[in-house]
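Coordinates from final22.txt are shown below (compact mmCIF, C-alpha atoms (C1' of nucleotides)).
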```txt
# COMPACT_ATOMS: atom_id res chain seq x y z
CA MET S 1 7.84 2.51 -17.08
CA SER S 2 9.55 -0.79 -17.71
CA LYS S 3 7.94 -3.89 -16.30
CA ILE S 4 4.98 -3.34 -14.06
CA LYS S 5 4.12 -5.89 -11.47
CA GLU S 6 0.70 -7.13 -12.43
CA THR S 7 0.12 -8.63 -9.02
CA SER S 8 0.62 -5.44 -7.05
CA THR S 9 -2.17 -3.60 -5.33
CA ASN S 10 -1.07 -0.48 -7.12
CA PHE S 11 -1.60 -2.12 -10.48
CA ALA S 12 -5.01 -3.42 -9.45
CA ASN S 13 -6.03 0.01 -8.22
CA LYS S 14 -4.95 1.69 -11.42
CA GLN S 15 -6.88 -0.85 -13.46
CA ALA S 16 -10.00 -0.48 -11.36
CA LEU S 17 -9.89 3.29 -11.50
CA ALA S 18 -9.22 3.36 -15.22
CA ASP S 19 -12.12 0.98 -15.73
CA GLU S 20 -14.70 3.18 -14.15
CA CYS S 21 -13.21 6.65 -14.51
CA PRO S 22 -12.26 7.77 -18.00
CA GLU S 23 -10.41 10.71 -16.50
CA ALA S 24 -8.16 8.34 -14.56
CA TYR S 25 -7.73 6.27 -17.70
CA ALA S 26 -6.65 9.39 -19.56
CA ALA S 27 -4.33 10.44 -16.77
CA ASN S 28 -2.55 7.11 -16.98
CA ILE S 29 -1.86 7.69 -20.64
CA ILE S 30 -0.65 11.27 -20.58
CA GLY S 31 0.67 11.13 -17.06
CA GLY S 32 4.41 10.79 -17.27
CA GLN S 33 6.79 13.52 -16.24
CA TRP S 34 7.33 14.73 -19.77
CA ALA S 35 4.37 13.45 -21.74
CA LEU S 36 2.31 16.63 -21.73
CA VAL S 37 5.24 18.76 -22.75
CA ILE S 38 6.18 16.41 -25.56
CA CYS S 39 2.62 16.56 -26.83
CA SER S 40 2.65 20.34 -26.58
CA TRP S 41 5.64 20.55 -28.86
CA LEU S 42 4.16 18.08 -31.28
CA PHE S 43 0.97 20.12 -31.62
CA ASN S 44 3.03 22.37 -33.87
CA GLY S 45 4.04 19.59 -36.20
CA LYS S 46 6.28 16.58 -36.51
CA LEU S 47 9.67 16.53 -34.86
CA ARG S 48 12.70 14.29 -34.90
CA PHE S 49 14.06 12.54 -31.85
CA GLY S 50 17.04 14.86 -31.69
CA GLU S 51 14.89 17.94 -32.08
CA LEU S 52 12.74 16.92 -29.17
CA ARG S 53 15.82 16.28 -27.11
CA LYS S 54 17.04 19.78 -27.78
CA LEU S 55 13.67 21.27 -26.93
CA LEU S 56 13.65 19.44 -23.60
CA PRO S 57 17.16 20.23 -22.45
CA ASN S 58 17.08 18.26 -19.22
CA ILE S 59 15.51 15.07 -20.43
CA THR S 60 17.72 12.04 -20.74
CA GLU S 61 17.64 10.07 -23.93
CA ARG S 62 16.29 7.13 -22.04
CA MET S 63 13.34 9.06 -20.65
CA LEU S 64 12.58 10.58 -24.01
CA THR S 65 12.59 7.13 -25.54
CA LEU S 66 10.39 5.69 -22.80
CA GLN S 67 7.84 8.43 -22.99
CA LEU S 68 7.69 8.35 -26.75
CA ARG S 69 7.28 4.59 -26.68
CA LYS S 70 4.46 4.85 -24.20
CA LEU S 71 2.73 7.52 -26.25
CA GLU S 72 3.21 5.42 -29.34
CA GLU S 73 1.83 2.33 -27.63
CA HIS S 74 -1.29 4.29 -26.74
CA LYS S 75 -1.59 5.60 -30.29
CA ILE S 76 -1.05 9.21 -29.30
CA VAL S 77 1.99 9.61 -31.51
CA LYS S 78 3.05 7.96 -34.70
CA ARG S 79 6.66 7.00 -35.25
CA THR S 80 8.17 6.97 -38.68
CA VAL S 81 11.62 5.57 -39.32
CA TYR S 82 13.52 6.54 -42.43
CA ALA S 83 16.07 3.96 -43.48
CA GLU S 84 18.92 6.39 -43.82
CA VAL S 85 22.32 6.72 -42.31
CA PRO S 86 22.53 8.37 -39.93
CA PRO S 87 19.01 7.32 -38.98
CA ARG S 88 16.09 9.68 -39.02
CA VAL S 89 12.98 9.10 -36.96
CA GLU S 90 10.04 11.42 -36.92
CA TYR S 91 7.29 11.70 -34.40
CA GLU S 92 3.90 13.21 -35.00
CA LEU S 93 0.56 13.18 -33.27
CA THR S 94 -2.23 10.89 -34.37
CA ALA S 95 -5.77 12.15 -34.80
CA ILE S 96 -6.76 11.20 -31.27
CA GLY S 97 -3.52 12.63 -29.98
CA TYR S 98 -4.23 15.90 -31.68
CA GLU S 99 -7.61 16.02 -29.98
CA LEU S 100 -5.80 16.62 -26.73
CA LYS S 101 -4.79 20.04 -27.93
CA PRO S 102 -7.77 22.05 -26.67
CA ILE S 103 -7.72 20.20 -23.37
CA ILE S 104 -4.07 20.81 -22.75
CA LYS S 105 -4.49 24.39 -23.81
CA GLN S 106 -7.17 24.88 -21.20
CA LEU S 107 -5.02 23.16 -18.64
CA GLU S 108 -2.28 25.60 -19.51
CA GLU S 109 -4.61 28.51 -18.97
CA TRP S 110 -5.79 27.10 -15.68
CA GLY S 111 -2.22 26.51 -14.59
CA ALA S 112 -1.20 30.06 -15.43
CA LYS S 113 -4.17 31.46 -13.57
CA HIS S 114 -3.55 29.26 -10.56
CA LYS S 115 0.08 30.20 -10.47
CA ALA S 116 -0.74 33.90 -10.62
CA GLN S 117 -3.17 33.53 -7.74
CA ASN S 118 -0.85 31.58 -5.52
CA ILE S 119 2.50 33.17 -6.12
CA LYS S 120 1.79 36.55 -4.61
CA MET P 121 4.37 12.01 -1.12
CA SER P 122 6.23 12.80 2.05
CA LYS P 123 9.49 14.71 1.94
CA ILE P 124 10.84 15.49 -1.47
CA LYS P 125 14.52 15.81 -1.93
CA GLU P 126 15.18 19.34 -3.01
CA THR P 127 18.64 18.49 -4.26
CA SER P 128 17.53 15.78 -6.66
CA THR P 129 17.64 16.12 -10.41
CA ASN P 130 14.04 15.10 -10.48
CA PHE P 131 13.07 18.03 -8.27
CA ALA P 132 15.08 20.44 -10.40
CA ASN P 133 13.51 19.12 -13.57
CA LYS P 134 10.01 19.44 -12.20
CA GLN P 135 10.71 22.99 -11.11
CA ALA P 136 12.16 23.96 -14.44
CA LEU P 137 9.30 22.41 -16.36
CA ALA P 138 6.67 23.94 -14.12
CA ASP P 139 8.35 27.31 -14.52
CA GLU P 140 8.06 27.44 -18.25
CA CYS P 141 5.12 25.14 -18.95
CA PRO P 142 1.88 25.91 -17.15
CA GLU P 143 0.53 22.55 -18.26
CA ALA P 144 3.34 20.79 -16.43
CA TYR P 145 2.71 23.01 -13.44
CA ALA P 146 -0.93 21.99 -13.49
CA ALA P 147 -0.07 18.34 -13.92
CA ASN P 148 2.06 18.47 -10.79
CA ILE P 149 -0.89 19.72 -8.81
CA ILE P 150 -3.60 17.37 -9.97
CA GLY P 151 -1.28 14.54 -10.77
CA GLY P 152 -1.59 12.04 -7.96
CA GLN P 153 -3.11 8.63 -8.41
CA TRP P 154 -6.43 9.68 -6.93
CA ALA P 155 -6.52 13.44 -7.22
CA LEU P 156 -8.62 13.68 -10.36
CA VAL P 157 -11.17 11.24 -9.05
CA ILE P 158 -11.42 13.02 -5.73
CA CYS P 159 -12.03 16.27 -7.56
CA SER P 160 -14.64 14.61 -9.73
CA TRP P 161 -16.63 13.58 -6.70
CA LEU P 162 -16.27 16.99 -5.11
CA PHE P 163 -17.69 18.71 -8.18
CA ASN P 164 -21.06 17.54 -6.89
CA GLY P 165 -20.66 19.18 -3.51
CA LYS P 166 -18.86 18.88 -0.23
CA LEU P 167 -18.06 15.51 1.25
CA ARG P 168 -16.76 14.19 4.51
CA PHE P 169 -13.57 12.20 4.81
CA GLY P 170 -15.46 8.99 5.47
CA GLU P 171 -17.78 9.58 2.54
CA LEU P 172 -14.87 9.98 0.18
CA ARG P 173 -13.33 6.84 1.55
CA LYS P 174 -16.50 4.91 0.80
CA LEU P 175 -16.72 6.35 -2.69
CA LEU P 176 -13.15 5.26 -3.41
CA PRO P 177 -13.33 1.70 -2.11
CA ASN P 178 -9.71 0.80 -2.67
CA ILE P 179 -8.03 3.88 -1.36
CA THR P 180 -6.24 3.63 1.95
CA GLU P 181 -6.82 6.22 4.60
CA ARG P 182 -3.21 7.23 4.29
CA MET P 183 -3.46 7.93 0.59
CA LEU P 184 -6.73 9.76 0.95
CA THR P 185 -5.19 11.95 3.62
CA LEU P 186 -2.09 12.62 1.56
CA GLN P 187 -3.98 13.53 -1.56
CA LEU P 188 -6.42 15.75 0.28
CA ARG P 189 -3.55 17.50 2.03
CA LYS P 190 -1.83 18.11 -1.25
CA LEU P 191 -4.98 19.46 -2.84
CA GLU P 192 -5.55 21.64 0.19
CA GLU P 193 -2.01 22.93 0.09
CA HIS P 194 -2.53 23.97 -3.52
CA LYS P 195 -5.84 25.61 -2.65
CA ILE P 196 -7.88 23.24 -4.74
CA VAL P 197 -9.96 22.06 -1.82
CA LYS P 198 -10.99 23.68 1.41
CA ARG P 199 -11.01 21.70 4.61
CA THR P 200 -13.43 22.49 7.39
CA VAL P 201 -13.14 20.85 10.77
CA TYR P 202 -16.12 20.77 13.09
CA ALA P 203 -15.15 20.53 16.74
CA GLU P 204 -17.40 17.61 17.50
CA VAL P 205 -16.91 14.16 18.85
CA PRO P 206 -16.57 12.03 16.90
CA PRO P 207 -14.88 14.53 14.60
CA ARG P 208 -16.41 15.75 11.39
CA VAL P 209 -14.32 17.14 8.58
CA GLU P 210 -15.72 18.37 5.32
CA TYR P 211 -13.96 18.92 2.04
CA GLU P 212 -15.13 21.15 -0.74
CA LEU P 213 -13.64 22.67 -3.84
CA THR P 214 -12.39 26.23 -3.90
CA ALA P 215 -13.25 28.57 -6.75
CA ILE P 216 -10.10 27.74 -8.67
CA GLY P 217 -10.61 24.07 -7.93
CA TYR P 218 -14.09 24.23 -9.34
CA GLU P 219 -12.71 25.72 -12.52
CA LEU P 220 -11.15 22.38 -13.27
CA LYS P 221 -14.57 20.93 -13.86
CA PRO P 222 -14.90 21.62 -17.59
CA ILE P 223 -11.33 20.51 -18.20
CA ILE P 224 -11.73 17.23 -16.37
CA LYS P 225 -15.02 16.70 -18.10
CA GLN P 226 -13.36 17.04 -21.48
CA LEU P 227 -10.58 14.75 -20.36
CA GLU P 228 -13.23 12.22 -19.43
CA GLU P 229 -14.77 12.47 -22.85
CA TRP P 230 -11.42 12.13 -24.51
CA GLY P 231 -10.59 9.13 -22.35
CA ALA P 232 -13.86 7.43 -23.17
CA LYS P 233 -13.35 8.02 -26.87
CA HIS P 234 -9.78 6.80 -26.76
CA LYS P 235 -10.76 3.69 -24.88
CA ALA P 236 -13.52 2.91 -27.37
CA GLN P 237 -11.05 3.27 -30.23
CA ASN P 238 -8.37 1.12 -28.74
CA ILE P 239 -10.26 -1.67 -27.04
CA LYS P 240 -11.67 -3.34 -30.10
C1' DC N 241 -15.15 0.70 32.78
C1' DT N 242 -15.43 -0.79 27.99
C1' DC N 243 -16.60 -0.14 23.43
C1' DA N 244 -17.69 2.31 19.26
C1' DT N 245 -17.07 6.17 16.16
C1' DT N 246 -14.27 9.43 13.18
C1' DA N 247 -10.46 11.32 11.08
C1' DC N 248 -6.55 10.97 11.16
C1' DT N 249 -0.87 9.74 12.21
C1' DT N 250 3.25 6.97 12.26
C1' DA N 251 6.65 3.58 10.96
C1' DC N 252 7.85 0.69 7.62
C1' DA N 253 7.72 -2.03 3.17
C1' DT N 254 7.00 -2.37 -1.63
C1' DT N 255 6.41 -0.76 -6.24
C1' DT N 256 6.98 2.54 -9.81
C1' DT N 257 9.24 6.30 -11.96
C1' DT N 258 13.14 8.84 -13.02
C1' DT N 259 18.10 9.61 -13.52
C1' DA N 260 23.10 8.24 -14.57
C1' DT N 261 26.34 6.25 -17.39
C1' DA N 262 28.01 3.68 -20.82
C1' DG N 263 27.54 1.42 -24.62
C1' DT N 264 25.60 -0.12 -29.93
C1' DA N 265 24.90 -0.17 -35.33
C1' DC N 266 25.14 1.94 -39.40
C1' DC N 267 27.25 4.60 -43.09
C1' DT N 268 29.65 8.92 -44.53
C1' DT N 269 33.22 11.97 -44.67
C1' DA N 270 38.01 13.28 -43.78
C1' DT M 271 41.93 4.28 -40.55
C1' DA M 272 39.42 7.21 -37.66
C1' DA M 273 35.94 10.17 -36.28
C1' DG M 274 31.17 11.71 -36.30
C1' DG M 275 26.36 11.84 -36.42
C1' DT M 276 21.62 9.63 -35.05
C1' DA M 277 18.57 7.13 -32.47
C1' DC M 278 18.59 4.35 -29.71
C1' DT M 279 19.57 -0.03 -25.63
C1' DA M 280 21.38 -2.09 -21.20
C1' DT M 281 22.21 -1.86 -16.56
C1' DA M 282 22.24 0.12 -12.23
C1' DA M 283 20.95 3.25 -8.83
C1' DA M 284 18.34 6.98 -6.74
C1' DA M 285 14.10 9.07 -5.76
C1' DA M 286 9.25 9.28 -5.45
C1' DA M 287 4.75 7.33 -4.98
C1' DT M 288 1.90 4.03 -3.02
C1' DG M 289 0.51 0.34 0.22
C1' DT M 290 0.28 -2.20 4.97
C1' DA M 291 -0.63 -2.34 9.55
C1' DA M 292 -1.04 -0.52 13.73
C1' DG M 293 -2.04 3.17 16.89
C1' DT M 294 -4.12 7.90 18.64
C1' DA M 295 -7.59 11.34 20.83
C1' DA M 296 -11.93 12.63 22.39
C1' DT M 297 -16.45 11.57 24.03
C1' DG M 298 -20.89 9.46 24.41
C1' DA M 299 -23.53 5.08 24.83
C1' DG M 300 -24.20 0.99 27.40
```
Take the structure in the file and give it back as structure tokens.
Amino acid sequence: MSKIKETSTNFANKQALADECPEAYAANIIGGQWALVICSWLFNGKLRFGELRKLLPNITERMLTLQLRKLEEHKIVKRTVYAEVPPRVEYELTAIGYELKPIIKQLEEWGAKHKAQNIK
Amino acid sequence: MSKIKETSTNFANKQALADECPEAYAANIIGGQWALVICSWLFNGKLRFGELRKLLPNITERMLTLQLRKLEEHKIVKRTVYAEVPPRVEYELTAIGYELKPIIKQLEEWGAKHKAQNIK
DNA sequence: CTCATTACTTACATTTTTTATAGTACCTTA
DNA sequence: TAAGGTACTATAAAAAATGTAAGTAATGAG
């Protein structure tokens, strides 16, 4: 997140994978440390920057900004700025972003099941 | 991939997230650069190390090893070594690993749809 | 004896991601 | 005049992930 080096092997590999594997392409989009959790909260409706920050107690403002920007860039979330003082900015999922809901829900169920199996 | 620093903020954050969000927990497990693609190939049946390497032309042996080890550690794949020379090692999905199939398939579909929307 | 095969391992370098800390602009209220 | 709230940005550093290149063990074929 920040500038990526478009001459690196890593970049080339990601491109190649994303080209031929839609699942890798998807993983690149929703693959940050906090992206899935941000989306999970947004499934319930729009939230302000500060609300998200409170919901994710350990996230730094910088990371929250970066992840939101990335999600916005990929058209997963929509950002709306209200010209008020103090500023108000709301984030909400787009249609395609909302379509992740069932997938993430299943991933949640799988995760819970896996955890239950492996913890004991 | 190698030693993680258990005193880092990053480690603490991952732990905390994984504790309360099964989707983050799941993402940690299947979240390497190549993990999803490896699983995708294994959905069709067991494969040898060398076969996987050929299917993933750009992966290095080191990365393939690391990702397989991680998947094995999390009981997503099962590793079987045949005491032959030259050695033969086969990888196959476990039951819980196989349960990822429908989820990854949906993620693929989502990815393809998203790509179609955003490329034009 | 030498070479080929297979599935790795190791040491090291580079790139990417995440965290830490300190600002900024704007207006409102006290 | 000063403080406060909101949503950021800039810069640096730490940590994690990935890549590069070389080497290993065992054995059978030639």
As a CSV table (one decimal) with C-alpha atoms, in the coordinates of the input, please: chain S after a least-squares superposition onto chain P using all C-alpha atoms matched in order.
```
chain,number,residue,atom,x,y,z
S,1,MET,CA,4.3,12.7,-1.2
S,2,SER,CA,6.2,13.1,2.0
S,3,LYS,CA,9.6,14.8,1.9
S,4,ILE,CA,11.0,15.5,-1.5
S,5,LYS,CA,14.6,15.7,-1.9
S,6,GLU,CA,15.3,19.3,-3.1
S,7,THR,CA,18.7,18.4,-4.4
S,8,SER,CA,17.6,15.7,-6.7
S,9,THR,CA,17.7,16.1,-10.5
S,10,ASN,CA,14.1,15.0,-10.6
S,11,PHE,CA,13.1,17.9,-8.3
S,12,ALA,CA,15.1,20.3,-10.4
S,13,ASN,CA,13.5,19.1,-13.6
S,14,LYS,CA,10.0,19.3,-12.2
S,15,GLN,CA,10.7,22.9,-11.1
S,16,ALA,CA,12.1,23.9,-14.4
S,17,LEU,CA,9.3,22.4,-16.3
S,18,ALA,CA,6.7,23.9,-14.1
S,19,ASP,CA,8.4,27.3,-14.4
S,20,GLU,CA,8.1,27.4,-18.2
S,21,CYS,CA,5.1,25.1,-18.9
S,22,PRO,CA,1.9,25.9,-17.1
S,23,GLU,CA,0.5,22.5,-18.2
S,24,ALA,CA,3.3,20.8,-16.4
S,25,TYR,CA,2.7,23.0,-13.4
S,26,ALA,CA,-0.9,22.0,-13.5
S,27,ALA,CA,-0.1,18.3,-13.9
S,28,ASN,CA,2.1,18.5,-10.8
S,29,ILE,CA,-0.9,19.7,-8.8
S,30,ILE,CA,-3.6,17.4,-10.0
S,31,GLY,CA,-1.3,14.5,-10.8
S,32,GLY,CA,-1.5,12.0,-8.0
S,33,GLN,CA,-3.1,8.6,-8.4
S,34,TRP,CA,-6.4,9.7,-6.9
S,35,ALA,CA,-6.5,13.4,-7.2
S,36,LEU,CA,-8.6,13.7,-10.3
S,37,VAL,CA,-11.1,11.2,-9.0
S,38,ILE,CA,-11.4,13.0,-5.7
S,39,CYS,CA,-12.0,16.3,-7.5
S,40,SER,CA,-14.6,14.6,-9.7
S,41,TRP,CA,-16.6,13.6,-6.7
S,42,LEU,CA,-16.3,17.0,-5.1
S,43,PHE,CA,-17.7,18.7,-8.2
S,44,ASN,CA,-21.0,17.5,-6.9
S,45,GLY,CA,-20.7,19.1,-3.6
S,46,LYS,CA,-18.9,18.9,-0.2
S,47,LEU,CA,-18.1,15.5,1.2
S,48,ARG,CA,-16.7,14.2,4.5
S,49,PHE,CA,-13.6,12.2,4.8
S,50,GLY,CA,-15.4,9.0,5.5
S,51,GLU,CA,-17.8,9.6,2.6
S,52,LEU,CA,-14.8,9.9,0.2
S,53,ARG,CA,-13.3,6.8,1.6
S,54,LYS,CA,-16.4,4.9,0.8
S,55,LEU,CA,-16.6,6.3,-2.7
S,56,LEU,CA,-13.1,5.2,-3.4
S,57,PRO,CA,-13.2,1.7,-2.0
S,58,ASN,CA,-9.6,0.8,-2.6
S,59,ILE,CA,-7.9,3.9,-1.3
S,60,THR,CA,-6.1,3.6,2.0
S,61,GLU,CA,-6.8,6.2,4.6
S,62,ARG,CA,-3.2,7.3,4.4
S,63,MET,CA,-3.4,8.0,0.6
S,64,LEU,CA,-6.7,9.8,1.0
S,65,THR,CA,-5.2,12.0,3.7
S,66,LEU,CA,-2.1,12.7,1.6
S,67,GLN,CA,-4.0,13.6,-1.5
S,68,LEU,CA,-6.4,15.8,0.3
S,69,ARG,CA,-3.6,17.5,2.1
S,70,LYS,CA,-1.8,18.1,-1.2
S,71,LEU,CA,-5.0,19.5,-2.8
S,72,GLU,CA,-5.6,21.6,0.2
S,73,GLU,CA,-2.0,23.0,0.1
S,74,HIS,CA,-2.5,24.0,-3.5
S,75,LYS,CA,-5.9,25.6,-2.6
S,76,ILE,CA,-7.9,23.2,-4.7
S,77,VAL,CA,-10.0,22.1,-1.8
S,78,LYS,CA,-11.0,23.7,1.4
S,79,ARG,CA,-11.0,21.7,4.6
S,80,THR,CA,-13.5,22.5,7.4
S,81,VAL,CA,-13.2,20.9,10.8
S,82,TYR,CA,-16.2,20.8,13.1
S,83,ALA,CA,-15.2,20.5,16.7
S,84,GLU,CA,-17.5,17.6,17.5
S,85,VAL,CA,-17.1,14.2,18.8
S,86,PRO,CA,-16.7,12.0,16.8
S,87,PRO,CA,-15.0,14.5,14.6
S,88,ARG,CA,-16.5,15.8,11.4
S,89,VAL,CA,-14.3,17.2,8.6
S,90,GLU,CA,-15.7,18.4,5.3
S,91,TYR,CA,-14.0,18.9,2.0
S,92,GLU,CA,-15.1,21.1,-0.8
S,93,LEU,CA,-13.6,22.6,-3.8
S,94,THR,CA,-12.4,26.2,-3.9
S,95,ALA,CA,-13.3,28.6,-6.8
S,96,ILE,CA,-10.1,27.7,-8.7
S,97,GLY,CA,-10.6,24.1,-7.9
S,98,TYR,CA,-14.1,24.2,-9.3
S,99,GLU,CA,-12.7,25.7,-12.5
S,100,LEU,CA,-11.1,22.4,-13.3
S,101,LYS,CA,-14.6,20.9,-13.9
S,102,PRO,CA,-14.9,21.6,-17.6
S,103,ILE,CA,-11.3,20.5,-18.2
S,104,ILE,CA,-11.7,17.3,-16.4
S,105,LYS,CA,-15.0,16.7,-18.1
S,106,GLN,CA,-13.4,17.1,-21.5
S,107,LEU,CA,-10.6,14.8,-20.4
S,108,GLU,CA,-13.3,12.3,-19.4
S,109,GLU,CA,-14.8,12.5,-22.9
S,110,TRP,CA,-11.4,12.1,-24.5
S,111,GLY,CA,-10.6,9.2,-22.4
S,112,ALA,CA,-13.9,7.4,-23.2
S,113,LYS,CA,-13.4,8.1,-26.9
S,114,HIS,CA,-9.8,6.8,-26.8
S,115,LYS,CA,-10.8,3.7,-24.9
S,116,ALA,CA,-13.6,2.9,-27.4
S,117,GLN,CA,-11.1,3.3,-30.3
S,118,ASN,CA,-8.4,1.2,-28.8
S,119,ILE,CA,-10.3,-1.6,-27.1
S,120,LYS,CA,-11.7,-3.3,-30.2
```
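Coordinates place atom C1' of M:DT279 at a distance of 10.4 Å from atom C1' of N:DA262.
Minimum atom-to-atom distances from S:Phe49, S:Tyr82, S:Phe43, S:Tyr25 to S:Glu99 were compared using all atoms listed in the file, and the lowest value belongs to S:Phe43.
Here atom CA of S:Asp19 is placed at a distance of 10.6 Å from atom CA of P:Gly231.
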* Which residues, written as a VMD selection string, have at least one atom at most 12 Å from stretch 253-256 of chain N, with all atoms listed in the file counted and residues fewer than 3 positions away on the same chain left out? -> (chain S and resid 1 to 11 32) or (chain P and resid 153) or (chain M and resid 285 to 291)
